[in-house]
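Participant: Sharing upload.csv (CSV, C-alpha atoms and all ligand atoms) below.
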chain,number,residue,atom,x,y,z
A,1,MET,CA,0.0,0.0,0.0
A,2,THR,CA,1.4,3.4,-0.9
A,3,ARG,CA,1.5,6.4,1.3
A,4,ALA,CA,-1.2,7.8,-0.9
A,5,ASP,CA,-3.4,4.8,-0.4
A,6,ARG,CA,-3.0,4.9,3.3
A,7,HIS,CA,-3.9,8.5,3.4
A,8,ALA,CA,-6.9,7.9,1.2
A,9,ALA,CA,-8.3,5.3,3.6
A,10,ALA,CA,-8.5,7.9,6.3
A,11,ALA,CA,-9.0,11.2,4.5
A,12,PRO,CA,-12.1,13.2,4.8
A,13,LEU,CA,-14.0,14.1,1.6
A,14,GLY,CA,-13.5,17.5,0.2
A,15,SER,CA,-11.1,18.9,2.7
A,16,VAL,CA,-8.9,21.7,1.4
A,17,SER,CA,-6.6,21.9,4.4
A,18,SER,CA,-3.0,20.9,4.2
A,19,GLY,CA,-2.6,18.0,1.9
A,20,GLY,CA,-6.2,18.0,1.0
A,21,PRO,CA,-8.0,14.8,0.2
A,22,GLY,CA,-5.9,12.0,-1.1
A,23,PRO,CA,-6.4,9.8,-4.2
A,24,GLU,CA,-9.7,8.1,-4.2
A,25,ALA,CA,-10.6,10.0,-1.1
A,26,GLY,CA,-12.8,11.9,-3.3
A,27,GLY,CA,-14.9,9.4,-5.0
A,28,PRO,CA,-17.0,12.2,-6.5
A,29,ALA,CA,-15.5,15.1,-4.7
A,30,GLY,CA,-18.5,15.6,-2.4
A,31,GLY,CA,-20.7,18.7,-2.7
A,32,GLU,CA,-24.4,19.3,-2.8
A,33,SER,CA,-24.7,20.0,-6.5
A,34,ALA,CA,-22.3,17.4,-7.8
A,35,ALA,CA,-23.8,16.7,-11.1
A,36,PRO,CA,-21.4,15.2,-13.6
A,37,LEU,CA,-21.0,17.6,-16.4
A,38,GLY,CA,-19.1,15.4,-18.8
A,39,GLY,CA,-17.2,16.8,-21.7
A,40,ALA,CA,-18.3,19.8,-23.7
A,41,GLY,CA,-20.9,18.9,-26.4
A,42,GLY,CA,-21.3,15.4,-24.9
A,43,GLY,CA,-17.6,14.7,-25.5
A,44,PRO,CA,-15.3,12.8,-23.2
A,45,ALA,CA,-15.5,13.5,-19.4
A,46,PRO,CA,-13.0,16.1,-18.3
A,47,LEU,CA,-9.6,14.9,-17.1
A,48,VAL,CA,-8.1,18.0,-15.5
A,49,VAL,CA,-4.7,18.8,-13.9
A,50,VAL,CA,-4.8,22.0,-11.9
A,51,MET,CA,-1.1,23.1,-12.0
A,52,GLY,CA,1.1,25.9,-10.6
A,53,VAL,CA,3.6,26.6,-8.0
A,54,SER,CA,3.1,25.8,-4.3
A,55,GLY,CA,0.6,28.3,-2.9
A,56,SER,CA,-1.0,29.1,-6.3
A,57,GLY,CA,-4.3,27.5,-5.0
A,58,LYS,CA,-4.2,24.1,-6.9
A,59,THR,CA,-5.6,22.1,-4.0
A,60,THR,CA,-8.3,24.6,-3.1
A,61,VAL,CA,-9.4,25.1,-6.7
A,62,GLY,CA,-9.0,21.4,-7.6
A,63,VAL,CA,-11.3,20.4,-4.8
A,64,ALA,CA,-13.9,23.0,-5.9
A,65,LEU,CA,-13.6,22.0,-9.5
A,66,GLY,CA,-14.0,18.3,-8.7
A,67,ARG,CA,-17.0,19.1,-6.6
A,68,ARG,CA,-18.6,21.2,-9.3
A,69,LEU,CA,-17.9,18.6,-12.0
A,70,GLY,CA,-18.9,15.7,-9.8
A,71,LEU,CA,-15.6,14.0,-10.4
A,72,PRO,CA,-13.0,12.3,-8.2
A,73,PHE,CA,-10.3,14.5,-6.9
A,74,ALA,CA,-6.7,13.7,-5.9
A,75,ASP,CA,-3.9,15.9,-4.6
A,76,ALA,CA,-0.5,15.2,-5.9
A,77,ASP,CA,1.0,15.8,-2.5
A,78,GLU,CA,-0.5,12.5,-1.4
A,79,PHE,CA,1.7,10.7,-4.0
A,80,HIS,CA,5.0,11.9,-2.6
A,81,SER,CA,7.2,9.4,-0.8
A,82,ALA,CA,8.1,10.1,2.8
A,83,ALA,CA,11.6,10.9,1.6
A,84,ASP,CA,10.3,13.6,-0.7
A,85,ILE,CA,8.2,15.1,2.0
A,86,ALA,CA,11.2,15.1,4.4
A,87,LYS,CA,13.4,16.7,1.8
A,88,MET,CA,11.0,19.5,1.1
A,89,SER,CA,10.4,20.0,4.8
A,90,ARG,CA,14.1,20.6,5.1
A,91,GLY,CA,13.9,23.3,2.5
A,92,VAL,CA,15.5,21.3,-0.2
A,93,PRO,CA,13.7,21.3,-3.6
A,94,LEU,CA,13.0,18.1,-5.3
A,95,ASP,CA,15.0,17.3,-8.5
A,96,ASP,CA,13.9,15.5,-11.6
A,97,GLY,CA,15.0,12.2,-10.2
A,98,ASP,CA,12.8,12.6,-7.2
A,99,ARG,CA,9.8,13.8,-9.3
A,100,MET,CA,9.8,11.2,-12.0
A,101,PRO,CA,8.4,8.2,-9.9
A,102,TRP,CA,5.9,10.7,-8.3
A,103,LEU,CA,4.7,11.9,-11.7
A,104,ARG,CA,4.4,8.3,-13.0
A,105,ALA,CA,2.2,7.5,-10.1
A,106,ILE,CA,0.0,10.5,-10.7
A,107,GLY,CA,-0.1,9.6,-14.4
A,108,ALA,CA,-1.2,6.1,-13.5
A,109,TRP,CA,-4.0,7.5,-11.3
A,110,LEU,CA,-5.1,9.8,-14.2
A,111,ALA,CA,-5.0,6.9,-16.6
A,112,GLY,CA,-7.2,4.8,-14.3
A,113,HIS,CA,-9.8,7.6,-14.3
A,114,ALA,CA,-9.6,8.5,-18.0
A,115,ALA,CA,-12.9,7.0,-18.9
A,116,GLY,CA,-15.0,8.7,-16.2
A,117,GLY,CA,-13.0,11.9,-15.7
A,118,ALA,CA,-11.1,13.3,-12.7
A,119,VAL,CA,-9.4,16.3,-11.3
A,120,VAL,CA,-5.8,16.3,-9.9
A,121,SER,CA,-3.9,19.1,-8.3
A,122,CYS,CA,-0.2,18.8,-9.3
A,123,SER,CA,2.5,21.4,-9.6
A,124,ALA,CA,3.6,20.0,-13.0
A,125,LEU,CA,6.1,22.7,-13.2
A,126,LYS,CA,8.1,21.6,-16.3
A,127,ARG,CA,7.0,20.7,-19.8
A,128,SER,CA,8.8,17.4,-19.4
A,129,TYR,CA,6.7,16.7,-16.2
A,130,ARG,CA,3.5,17.4,-18.1
A,131,ASP,CA,4.8,15.2,-20.9
A,132,VAL,CA,4.9,12.3,-18.4
A,133,LEU,CA,1.3,12.9,-17.3
A,134,ARG,CA,0.1,13.3,-21.0
A,135,ALA,CA,1.9,10.1,-22.0
A,136,ALA,CA,-0.1,8.2,-19.3
A,137,ALA,CA,-3.3,10.1,-19.9
A,138,PRO,CA,-3.4,11.7,-23.4
A,139,GLY,CA,-6.7,13.5,-22.9
A,140,VAL,CA,-5.5,15.6,-19.9
A,141,CYS,CA,-6.2,19.3,-19.8
A,142,PHE,CA,-3.9,21.6,-17.7
A,143,VAL,CA,-5.4,24.5,-15.8
A,144,HIS,CA,-2.5,26.7,-14.8
A,145,LEU,CA,-3.1,29.0,-11.9
A,146,ASP,CA,-0.6,31.8,-12.6
A,147,GLY,CA,-0.2,35.2,-11.1
A,148,ASP,CA,1.5,37.5,-8.6
A,149,PRO,CA,4.4,35.9,-6.8
A,150,ARG,CA,3.9,38.1,-3.9
A,151,GLU,CA,0.4,36.7,-3.4
A,152,VAL,CA,1.9,33.2,-3.7
A,153,ARG,CA,4.5,33.9,-1.0
A,154,ARG,CA,1.9,35.5,1.2
A,155,ARG,CA,-0.3,32.4,1.0
A,156,VAL,CA,2.5,29.9,1.6
A,157,ALA,CA,3.7,31.9,4.6
A,158,GLY,CA,0.2,32.0,6.0
A,159,ARG,CA,-0.6,28.4,5.5
A,160,ARG,CA,-0.5,26.3,8.7
A,161,GLY,CA,0.3,22.6,9.0
A,162,HIS,CA,1.8,22.1,5.6
A,163,PHE,CA,5.3,20.7,5.0
A,164,MET,CA,6.2,23.1,2.2
A,165,PRO,CA,8.3,26.0,3.6
A,166,GLU,CA,8.0,29.5,2.1
A,167,SER,CA,11.7,29.4,1.3
A,168,LEU,CA,10.9,26.9,-1.6
A,169,VAL,CA,8.6,29.2,-3.4
A,170,ASP,CA,11.5,30.9,-5.3
A,171,SER,CA,12.7,27.5,-6.5
A,172,GLN,CA,9.2,26.7,-7.6
A,173,LEU,CA,8.9,29.9,-9.5
A,174,ALA,CA,12.4,29.4,-11.1
A,175,THR,CA,11.5,25.9,-12.2
A,176,LEU,CA,8.1,26.8,-13.6
A,177,GLU,CA,7.8,26.5,-17.4
A,178,PRO,CA,4.5,28.0,-18.7
A,179,LEU,CA,2.2,26.0,-20.9
A,180,GLU,CA,3.4,25.9,-24.5
A,181,ALA,CA,1.2,26.6,-27.5
A,182,ASP,CA,0.8,22.9,-28.3
A,183,GLU,CA,-0.2,21.9,-24.7
A,184,PRO,CA,-4.0,21.6,-24.2
A,185,GLY,CA,-4.7,23.9,-21.3
A,186,ILE,CA,-5.8,27.3,-20.0
A,187,VAL,CA,-4.2,29.9,-17.8
A,188,LEU,CA,-6.2,31.5,-15.0
A,189,ASP,CA,-5.3,34.3,-12.6
A,190,LEU,CA,-4.6,32.8,-9.2
A,191,GLY,CA,-5.7,36.1,-7.6
A,192,HIS,CA,-9.3,35.5,-8.6
A,193,GLY,CA,-11.8,34.0,-6.1
A,194,VAL,CA,-12.1,30.2,-6.0
A,195,GLU,CA,-15.7,30.1,-7.4
A,196,GLU,CA,-14.8,32.7,-10.0
A,197,LEU,CA,-12.0,30.4,-11.1
A,198,VAL,CA,-14.3,27.5,-11.4
A,199,GLU,CA,-16.7,29.6,-13.5
A,200,GLU,CA,-13.8,30.7,-15.7
A,201,TYR,CA,-12.9,27.1,-16.3
A,202,LEU,CA,-16.4,26.3,-17.2
A,203,ALA,CA,-16.7,29.3,-19.5
A,204,ALA,CA,-13.5,28.3,-21.3
A,205,VAL,CA,-14.9,24.8,-21.8
A,206,ALA,CA,-18.2,26.2,-23.0
A,207,ARG,CA,-16.4,28.3,-25.6
A,208,GLY,CA,-14.8,25.1,-26.9
A,209,GLY,CA,-11.4,26.2,-26.0
A,210,PRO,CA,-8.4,24.0,-25.4
A,211,CYS,CA,-10.1,22.1,-22.7
A,212,GLY,CA,-13.5,22.0,-24.5
A,213,GLY,CA,-12.9,18.6,-26.0
A,214,ARG,CA,-10.1,16.1,-25.7
A,215,PRO,CA,-7.6,15.1,-26.8
A,216,GLY,CA,-5.3,17.5,-28.4
A,217,ARG,CA,-6.7,21.0,-29.1
A,218,GLY,CA,-3.7,23.2,-28.6
A,219,GLY,CA,-3.4,26.9,-28.0
A,220,ARG,CA,-5.3,29.1,-25.6
A,301,LIG,N1,-8.3,31.8,-5.1
A,301,LIG,C1,-7.9,31.9,-3.9
A,301,LIG,N2,-8.1,33.1,-3.2
A,301,LIG,C2,-7.6,33.3,-2.0
A,301,LIG,N3,-7.0,32.4,-1.2
A,301,LIG,C3,-6.7,31.2,-1.8
A,301,LIG,C4,-7.2,30.9,-3.1
A,301,LIG,N4,-6.8,29.6,-3.5
A,301,LIG,C5,-6.2,29.2,-2.4
A,301,LIG,N5,-6.1,30.1,-1.4
A,301,LIG,C6,-5.5,29.9,-0.1
A,301,LIG,O1,-4.1,29.9,-0.4
A,301,LIG,C7,-3.4,28.9,0.4
A,301,LIG,C8,-2.7,27.9,-0.6
A,301,LIG,O2,-3.7,27.3,-1.3
A,301,LIG,P1,-3.5,25.7,-1.7
A,301,LIG,O3,-4.7,25.3,-2.4
A,301,LIG,O4,-3.0,24.9,-0.6
A,301,LIG,O5,-2.3,25.9,-2.8
A,301,LIG,P2,-1.4,24.8,-3.5
A,301,LIG,O6,-2.2,23.5,-3.5
A,301,LIG,O7,-1.2,25.3,-4.9
A,301,LIG,O8,-0.1,24.8,-2.7
A,301,LIG,C9,-4.4,28.3,1.3
A,301,LIG,O9,-4.4,28.9,2.5
A,301,LIG,C10,-5.7,28.6,0.6
A,301,LIG,O10,-6.8,28.7,1.5
A,302,LIG,O1,7.4,19.2,-7.6
A,302,LIG,C1,7.6,19.6,-6.4
A,302,LIG,O2,8.5,20.3,-6.1
A,302,LIG,C2,6.5,19.5,-5.4
A,302,LIG,O3,5.5,18.7,-5.8
A,302,LIG,C3,5.9,20.8,-5.2
A,302,LIG,O4,5.7,21.3,-6.5
A,302,LIG,C4,4.6,20.8,-4.5
A,302,LIG,O5,4.2,22.1,-4.6
A,302,LIG,C5,4.8,20.4,-3.1
A,302,LIG,O6,4.3,19.1,-3.0
A,302,LIG,C6,4.1,21.3,-2.1
A,302,LIG,O7,2.7,21.2,-2.1
A,302,LIG,P1,1.7,22.3,-2.6
A,302,LIG,O8,2.0,22.6,-4.1
A,302,LIG,O9,0.4,21.7,-2.4
A,302,LIG,O10,2.0,23.5,-1.8
Can you dump the structure from the file as structure tokens?
Facilitator:
Amino acid sequence: MTRADRHAAAAPLGSVSSGGPGPEAGGPAGGESAAPLGGAGGGPAPLVVVMGVSGSGKTTVGVALGRRLGLPFADADEFHSAADIAKMSRGVPLDDGDRMPWLRAIGAWLAGHAAGGAVVSCSALKRSYRDVLRAAAPGVCFVHLDGDPREVRRRVAGRRGHFMPESLVDSQLATLEPLEADEPGIVLDLGHGVEELVEEYLAAVARGGPCGGRPGRGGR
């Protein structure tokens, strides 16, 4: 049993506190009005990765999006090994070698949910990391929460009970590679309200944008 599985067994539904709900903790991500929306125009169910640096709001928005879409939610934090968590807790950024098995595990989770749709929050900072996720789950759409680094630092500094120190935000920002034109996804302003961001995602889908059908519509 992985750390993620163990967490999932005990995790509450729909929590957005440190770590958030683990893989499979979601089932459908809770919520009163959790009607599965499916893909735009009756297309495939959404398979969404909410990406961005630590503190951008991935977990919070991912939970809200999963709830709104009526889809399972998983937080990539729950796929980290204990060694990864210890390393970040010491203020040492993960490297590619640390991240690859983690990304493959998240990709496997996405692949397992490709038919019904799902939402994952995962930093997915580099193109090469997103390539790993896309290789496992070709229909995935990335929702990048981007914006003011000062707001990101403020959020991480104010967050309690999370292993990620504020000192690692600069490394996260330096590592971040924005979505490229051929990567299906959208960019949203992390400074907007959570429900506003959910609405912005839904509006982008309704417009038939990059996440409006899958796979493979590039551009934004
Ligand atoms: N859109 C938002 N507006 C205001 N605060 C937010 C928003 N999204 C997240 N937060 C807050 O910012 C902090 C970091 O959010 P979190 O979802 O843990 O980010 P991440 O998963 O990207 O590290 C949390 O305290 C959360 O409540
Ligand atoms: O690739 C990484 O270095 C980590 O995955 C990192 O990006 C992630 O952000 C941490 O797990 C902190 O968790 P939060 O992003 O939820 O703050």
Participant: I'd like to know which of A:Asp75, A:Glu151, A:Asp96, A:Glu166 is closest to A:Val132, using only C-alpha atoms.
Facilitator: A:Asp96
Participant: Check the smallest atom-to-atom distance from each of A:Arg99, A:His80, A:Lys126, A:His144 to A:Lys58 using all atoms listed in the file, then report the winner.
Facilitator: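 For A:Lys58, the nearest of the candidates is A:His144.
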Participant: Just to confirm, what's the straight-line distance from atom CA of A:Lys87 to atom CA of A:Val63 in Å (one decimal)?
Facilitator: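 Computing the Euclidean distance for atom CA of A:Lys87 and atom CA of A:Val63 yields 25.8 Å.
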Participant: Rank A:Gly66, A:Pro210, A:Pro178, A:Gly55 by their smallest atom-to-atom distance to ligand LIG 301 (chain A), using all atoms listed in the file, and report the top residue only.
Facilitator: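 That would be A:Gly55, the residue with the smallest distance to ligand LIG 301 (chain A).
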Participant: Can you work out which one of A:Gly193, A:Gly70, A:Pro165, A:Gly209 has the shortest atom-to-atom distance to A:Gly57, counting all atoms listed in the file?
Facilitator: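 Nearest to A:Gly57: A:Gly193.
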Participant: Within 6 Å of ligand LIG 302 (chain A), which residues show up when you count only C-alpha atoms and all ligand atoms? List them as a ChimeraX atom specification, please.
Facilitator: /A:53-55,77,93-94,123,164
Participant: Using all atoms listed in the file, find each protein or nucleic acid residue lying at most 8 Å from ligand LIG 301 (chain A); present the set as a VMD selection string.
Facilitator: chain A and resid 16 to 20 51 to 62 75 121 to 123 152 155 to 156 158 to 160 190 to 195 197
Participant: List as a PyMOL selection string: which residues have an atom within 9 Å of (2.9, 22.2, -20.8), counting all atoms listed in the file?
Facilitator: chain A and resi 124-131+142+177-185
Participant: Hey, can you spit out that residue selection with C-alpha atoms as a short mmCIF file (atom, residue, chain, number, x, y, z; two decimals), in the frame of the given file?
Facilitator:
data_model
loop_
_atom_site.label_atom_id
_atom_site.label_comp_id
_atom_site.auth_asym_id
_atom_site.auth_seq_id
_atom_site.Cartn_x
_atom_site.Cartn_y
_atom_site.Cartn_z
CA ALA A 124 3.60 20.00 -13.00
CA LEU A 125 6.10 22.70 -13.20
CA LYS A 126 8.10 21.60 -16.30
CA ARG A 127 7.00 20.70 -19.80
CA SER A 128 8.80 17.40 -19.40
CA TYR A 129 6.70 16.70 -16.20
CA ARG A 130 3.50 17.40 -18.10
CA ASP A 131 4.80 15.20 -20.90
CA PHE A 142 -3.90 21.60 -17.70
CA GLU A 177 7.80 26.50 -17.40
CA PRO A 178 4.50 28.00 -18.70
CA LEU A 179 2.20 26.00 -20.90
CA GLU A 180 3.40 25.90 -24.50
CA ALA A 181 1.20 26.60 -27.50
CA ASP A 182 0.80 22.90 -28.30
CA GLU A 183 -0.20 21.90 -24.70
CA PRO A 184 -4.00 21.60 -24.20
CA GLY A 185 -4.70 23.90 -21.30
#
Participant: Determine the nearest neighbour of A:Ala45 from the options A:His162, A:Arg153, A:Arg207, A:His113, counting all atoms listed in the file.
Facilitator: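 For A:Ala45, the nearest of the candidates is A:His113.
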Participant: From the options A:Arg154, A:Leu71, A:Arg104, A:Cys141, which residue's atoms come nearest to A:Val50, counting all atoms listed in the file?
Facilitator: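 That would be A:Cys141, the residue with the smallest distance to A:Val50.
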Participant: One decimal, Å: what's the distance from atom CA of A:Asp189 over to atom CA of A:Tyr201, could you say?
Facilitator: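 Those two atoms sit 11.1 Å apart.
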Participant: Just to confirm, what's the straight-line distance from atom CA of A:Arg90 to atom CA of A:Trp109 in Å (one decimal)?
Facilitator: 27.7 Å
Participant: Residues proximal to (-2.5, 13.4, -13.3) were defined as those with any atom within 6 Å of that point in the file's coordinates, counting all atoms listed in the file. Which are they, as a PyMOL selection string?
Facilitator: chain A and resi 49+106-107+110+120+133
